[in-house]
Amino acid sequence: MRMPEVLANATEAIIAKWLIAEGESFTDGQAIAEVETEKALVEVPGEGDGVLGRYLAKEGSHVQVGAPIAVLTTQGEGAAEIEKAIAEAGVSLAPAAPEPTPAPAAATTAAPAPVVAATPTPAAAPTPSASLHGTRLFLSPLARRLAKESGLDPALIQGTGPDGRIVRRDVQAAIAKGGVAPAKAAAPALPNIPAGSFTDIPHSGMRKAIARRLTESKSSVPHFYLSAPVLADDFLNFRKKYNDWAPKKVSVTDLILKTVAAAFSDVPAANCIWTDTAVRQFADVDVSVAVATDNGLLTPVVRGINHLNLEQLGAVTEDLIARARAGRLKQNEIEGGSFSVTNLGMYGTDEFSAILNPPQSAILAVGAAKQKPVVIDGEIKVASVINFTLSVDHRAIDGALAAEWLAAFVKRFENPFWLAI
Amino acid sequence: MSIHTPLHPSEPWVELTTTAEDWAKADPQLLETMLGQLHLIRAFEEVVLELAGEGLVHGPAHSSVGQEGGAVGSIIGLGTHDAINGSHRGHHQFLAKVINHVSGQKLDVTNLVTPALQEVLQRTLAEILGLAQGYCRGRGGSMHLQNFEAGALGTNAIVGGGVPLGAGNAWAQKKSGTDNITVSYFGDGAVNIGSVLETMNLAAAWKLPFCFFIENNLYAVSTHVSEVTAEPRLSARALGFGFPSWKVDGMDPLAVHLAMKEAEEYMRSGKGPALIEAEVYRYFHQNGAFPGSAFGYRSKEEEASWRARDPLLRVANEMIALGLIDQAGVDSVREQALAANRKAAAELTEPNPDAAGKRRIRPSLWPDTSFVNVGVRGDASELKSARTLEPLTSSAPKVQMKFVDAVAGVLDRAMENDPRIVVLGEDIHRLNGGTNGATKGLSKKYPDRILGTPISENAFAGVGGGLALDGRYRPVVEFMYPDFMWVAADQVFNQIGKARHMFGGDNPVPLVLRTKVAMGSGYGSQHLMDPAGIFVTSPGWRIVAASTPAEYIGLMNAALALQDPVLVLEHVDLYQDMGDVLEGDFDYQIEFGKANVRRTGNDVTVLTYLSMVKHSITAVEQTGIDAEVIDLRWLDRASFDWSTVEASIKKTNNVLIVEQGAQGTSYGGWLADEIQRRYFDWLDQPVQRVTGGEASPSISKVLERAAIAGVEEIVAGLDRVKAGFGGAQ
């Protein structure tokens, strides 16, 4: 098994955690390791059933993409086969060398039978597991065992014991409800700023990636900005009425995403990105949503919004946001798209300008809905207003095209009746 | 002017010195045996010091070189059924007693070392080296030498610690109608310690055939006897206790022998104990092969003056003068003794392959490390054929009985059935059954087996220990309050608890220690502890605690039948409780290691004992929580009912340990630790506990109540458990 190329152009990744012990067997699709890329923790599944013969990289070690990380065997194979596989892969015999050298290309193409060259399978079913990442869950020892035996993911169980500990009755309640209790609403983490002192928090891979990619974006992509104060009363009323009526509520962000998609159908030329050789034009609308997590910014991509109705869209975004916060996004879910939406309105931010998320060509910054005096038909009235600021990559999109798109967006936003169609 | 009438000690105090006539009158065979023993012991000690110098003796080697005269002179006249014990410096006494035993008190200096004697030397040396073939399988080493067959009860590393045990042995000798005696050896350093002085008083009060033998070598390690007492004539100690005392020159073995003969006559005739102080001199420092002068606390001149009076020289020269031996004969004794001891060492060592010219212990002779915990206590197989029953659920006819009457009743029945049972304690023979009536009626029925003791817990606990080690009697010791165990801590924990294991694991210590937890009685900080937590963490002890009269009967019978020391816990709160007991049946036992589920339930396992059982049941009823209440009954880790507790925890997944007393010495600590390690994956919350406060309970009624746990605290504990269930339904 080799280190998969989990992020485009990445040269290395970190083995965050082995999920299968040496000598332990695994089934098709079961996660074998967690790999930390610059953007996320990714679970790497095996292909087919097998046994984890030997680790070739320690937890915490940086491994070149394509370098062997473990020897996988089939049932019944033993040390001899493992040694043979290692020898044939040309790996140093030190089993836990911190920086395994990449295997020669020849060995990669002529991988011996026990070595399964695995890449993450996007469609791999999520595997319930008691191993926890990102946020720490508190479970009683019994609850941990019961959840494991019932195949329940403890992260999806509501804890009602002391300090939110998940206890036996919580697991039993989850089982009674068919296995999944409503996910706990993760409280937004508040930054802890002790007065007069500081703590150096070592950079995580994700933090480094955010710093590198945004610096690159801001310094190499020619940004320009368009902003528009938009009357929001009809839009917000629509949402209220919709939520009063619909079994599944939608968020402001969901409705904005839907509106973005509609604006792209009005102005399809704006749905594009800059590449070195061409401007790439997209048929479907894939939009990233910025999600703040404990560890930094994540931008899962909501795909094919133009094909989703409001209910479907709500389910997709809820799932993506929850998994982003739990550190459980798959790599393919954070790649692609031509456009981002970032909403700081819930923080009361009036307006702000966002930095582009390469290689996307635009990002829409959403401010807070606030009541303001506005002049309508010569009269001063009080209305809810949201400031939208669009950041645009001038290489792919000129000012006029961007303005055309924004006008389409504003029109759709201020006249939301089409949403009901 | 007041009238002053001189008073005199009730018993004589003399110094005995030999004359030429004494030597001339002495049996030549006695002198020959004396010379042989002295040389065997001296050569033995020299070989031990050689081995110690090579680093082959692990721990200290307390040499007796220079002091042989006291041991040989006093032991040479003793029979096998006379007994001795001693202190950390005890090789010489042990060897003298065992040599006496295997040689029939006679040595032939022309053929000094018989095969039996060679074996004694080798096994003693092996014990000192910590090897499996030693008398205590290597467990005891230099400071714990025991050979019951030879009447060597065991040497002791606690200064004065063996003396109370020796008195217990003397009690058994007297009670069983023999004229045997016990001699307890200790040094000048032990003269001022409580164990010794308490035992002097008790042995004299009870007229025990017991000899306090002081080997006064003038130095307690480096401290001179004159620095630590205003009466350095240590033989004077006996006078205050009313028994006779002899002072004698320990460098003159015949003088020691003659003094011992006189003392023996006194003791064997039933008059009581005697004291002999033999002035001796340890040529070397406390341990090792360097003289004391090397450490600066005495002079080379002083050492030379004592060496000039060497007991080996003295006996040899007197015998030469009497024409009993010539110098060549004496030299031959020395050579034979040295050769025999070197041979013993050679059997146990071999050339060290890693260091040329050095020896090492033969690796095959070490004890197997799997032996490390064997014999901490017995295996309880003695209870296998016992008649056991569960009195609370038995369908046999029942009558109501007060708890305290059940205590007296079962003791009465047991004493009737088993004449070996002896009860010792303060005031147990008076006040119609002691302070609480637990021995009601017994002193009238068994006047010579209900022993009201002086207030000296260390001495009478030790007497109980000595009785238990001897085996002819089954002591039941009562501590009026549990906190008094600290006064007797050496005997209870260092001696009684460890004796079986320390001396090799075979010799049982059947002793019952009764005491009553008295929280709530207003006796304050120094009377109101629950000792279970201390006993459960002390090796060797078993613990039983009954919450009902009928179970007390069964548990006491099991405790009396066990071959181990057993703490039987009682509680003043329970004494006046009425309960159903089986009519006319005081003979059953509660099954060994069996807890009692007093209330079945599904939500939490409450583990408790003694008076807290009834309080727990009350608390459970008040809260309405579906708790399973288990009366543990057998509290120590070797008797604990894990199968009942395990089944309950796997059912309820929650545990509350309930006890009454202070946190620090509490019982539940070890139990919580065991439970979380055994059942971690079965627990739905931390093991919860109810205990008293940090402080010992005070006299003030409200402060006492605040310091201990009762129904309200158990209710609070159950509420904590309930909070741990979480809010899901």
# chains A, B, ... in the order shown; residues from 1 in each chain; ligands from 1
>>> select_by_dssp(residues="segment 59-283 of chain B", states="helix (DSSP H, G or I)", output="ChimeraX atom specification")
/B:68-75,91-103,109-111,115-128,141-143,148-150,162-175,188-190,194-205,225-228,234-241,253-268
>>> residues_around(residues="segment 368-371 of chain A", least_positions_apart="2", cutoff="6 Å", atoms="only C-alpha atoms", output="PyMOL selection string")
chain A and resi 345+348-350+383-386
>>> interface_residues(of="chain A", to="chain B", cutoff="12 Å", atoms="only C-alpha atoms", output="PyMOL selection string")
chain A and resi 138-149+157-177+181
>>> residues_around(residues="segment 14-23 of chain B", least_positions_apart="2", cutoff="9 Å", atoms="only C-alpha atoms", output="short mmCIF file (atom, residue, chain, number, x, y, z; two decimals) with C-alpha atoms, in the first residue's frame")
data_model
loop_
_atom_site.label_atom_id
_atom_site.label_comp_id
_atom_site.auth_asym_id
_atom_site.auth_seq_id
_atom_site.Cartn_x
_atom_site.Cartn_y
_atom_site.Cartn_z
CA PRO B 12 16.99 -11.61 93.80
CA LYS B 25 33.44 -29.69 88.45
CA ALA B 26 32.09 -29.12 84.98
CA ASP B 27 31.22 -32.21 82.96
CA LEU B 31 33.06 -28.46 77.90
CA SER B 235 19.80 -6.79 84.53
CA PRO B 244 14.79 -12.60 89.36
CA SER B 245 17.80 -11.49 87.42
CA TRP B 246 21.33 -12.71 86.81
CA LYS B 247 24.26 -10.77 85.49
CA VAL B 248 27.06 -12.83 84.02
CA ASP B 249 30.23 -12.46 81.98
CA ASP B 252 32.79 -17.05 80.03
CA LEU B 254 30.50 -21.77 81.65
CA ALA B 255 29.35 -18.83 83.75
CA VAL B 256 26.50 -18.28 81.32
CA LEU B 258 25.57 -21.99 85.27
CA ALA B 259 23.46 -18.85 85.46
CA GLU B 318 40.51 -23.98 80.82
CA MET B 319 40.24 -27.40 79.14
CA LEU B 322 42.28 -29.41 83.17
#
>>> residues_around(residues="Pro273 of chain B", least_positions_apart="5", cutoff="7 Å", atoms="only C-alpha atoms", output="list of chain:residue names")
B:Ala203, B:Ala204, B:Lys207, B:Leu208, B:Pro209, B:Phe210, B:Cys211, B:Phe243, B:Met267
>>> atom_distance(atom1="atom CA of Asp254 of chain A", atom2="atom CA of Thr317 of chain A")
7.4 Å
>>> residues_around(residues="Glu414 of chain A", least_positions_apart="4", cutoff="12 Å", atoms="only C-alpha atoms", output="list in words")
Ala228, Pro229, Val230, Leu231, Ala232, Asp233, Asp234, Phe235, Leu236, Asn237, Phe238, Ile256, Thr259, Ala383, Ser384, Val385, Ile386, Ala407, Ala408, Phe409, Val410, Trp418 and Leu419 of chain A
>>> residues_around(residues="Gly46 of chain A", least_positions_apart="4", cutoff="7 Å", atoms="only C-alpha atoms", output="list of chain:residue names")
A:Asp28, A:Gly29, A:Gln30, A:Ala31, A:Ile32, A:Ala118
>>> residues_around(residues="Val291 of chain A", least_positions_apart="2", cutoff="10 Å", atoms="only C-alpha atoms", output="list in words")
Ser288, Val289, Thr293, Asp294, Gly296, Leu297, Leu298, Thr299, Pro300, Leu320, Ile321, Ala322, Ala324, Arg325, Val341, Thr342 and Asn343 of chain A
>>> atom_distance(atom1="atom CA of Val330 of chain B", atom2="atom CA of Leu117 of chain B")
19.0 Å
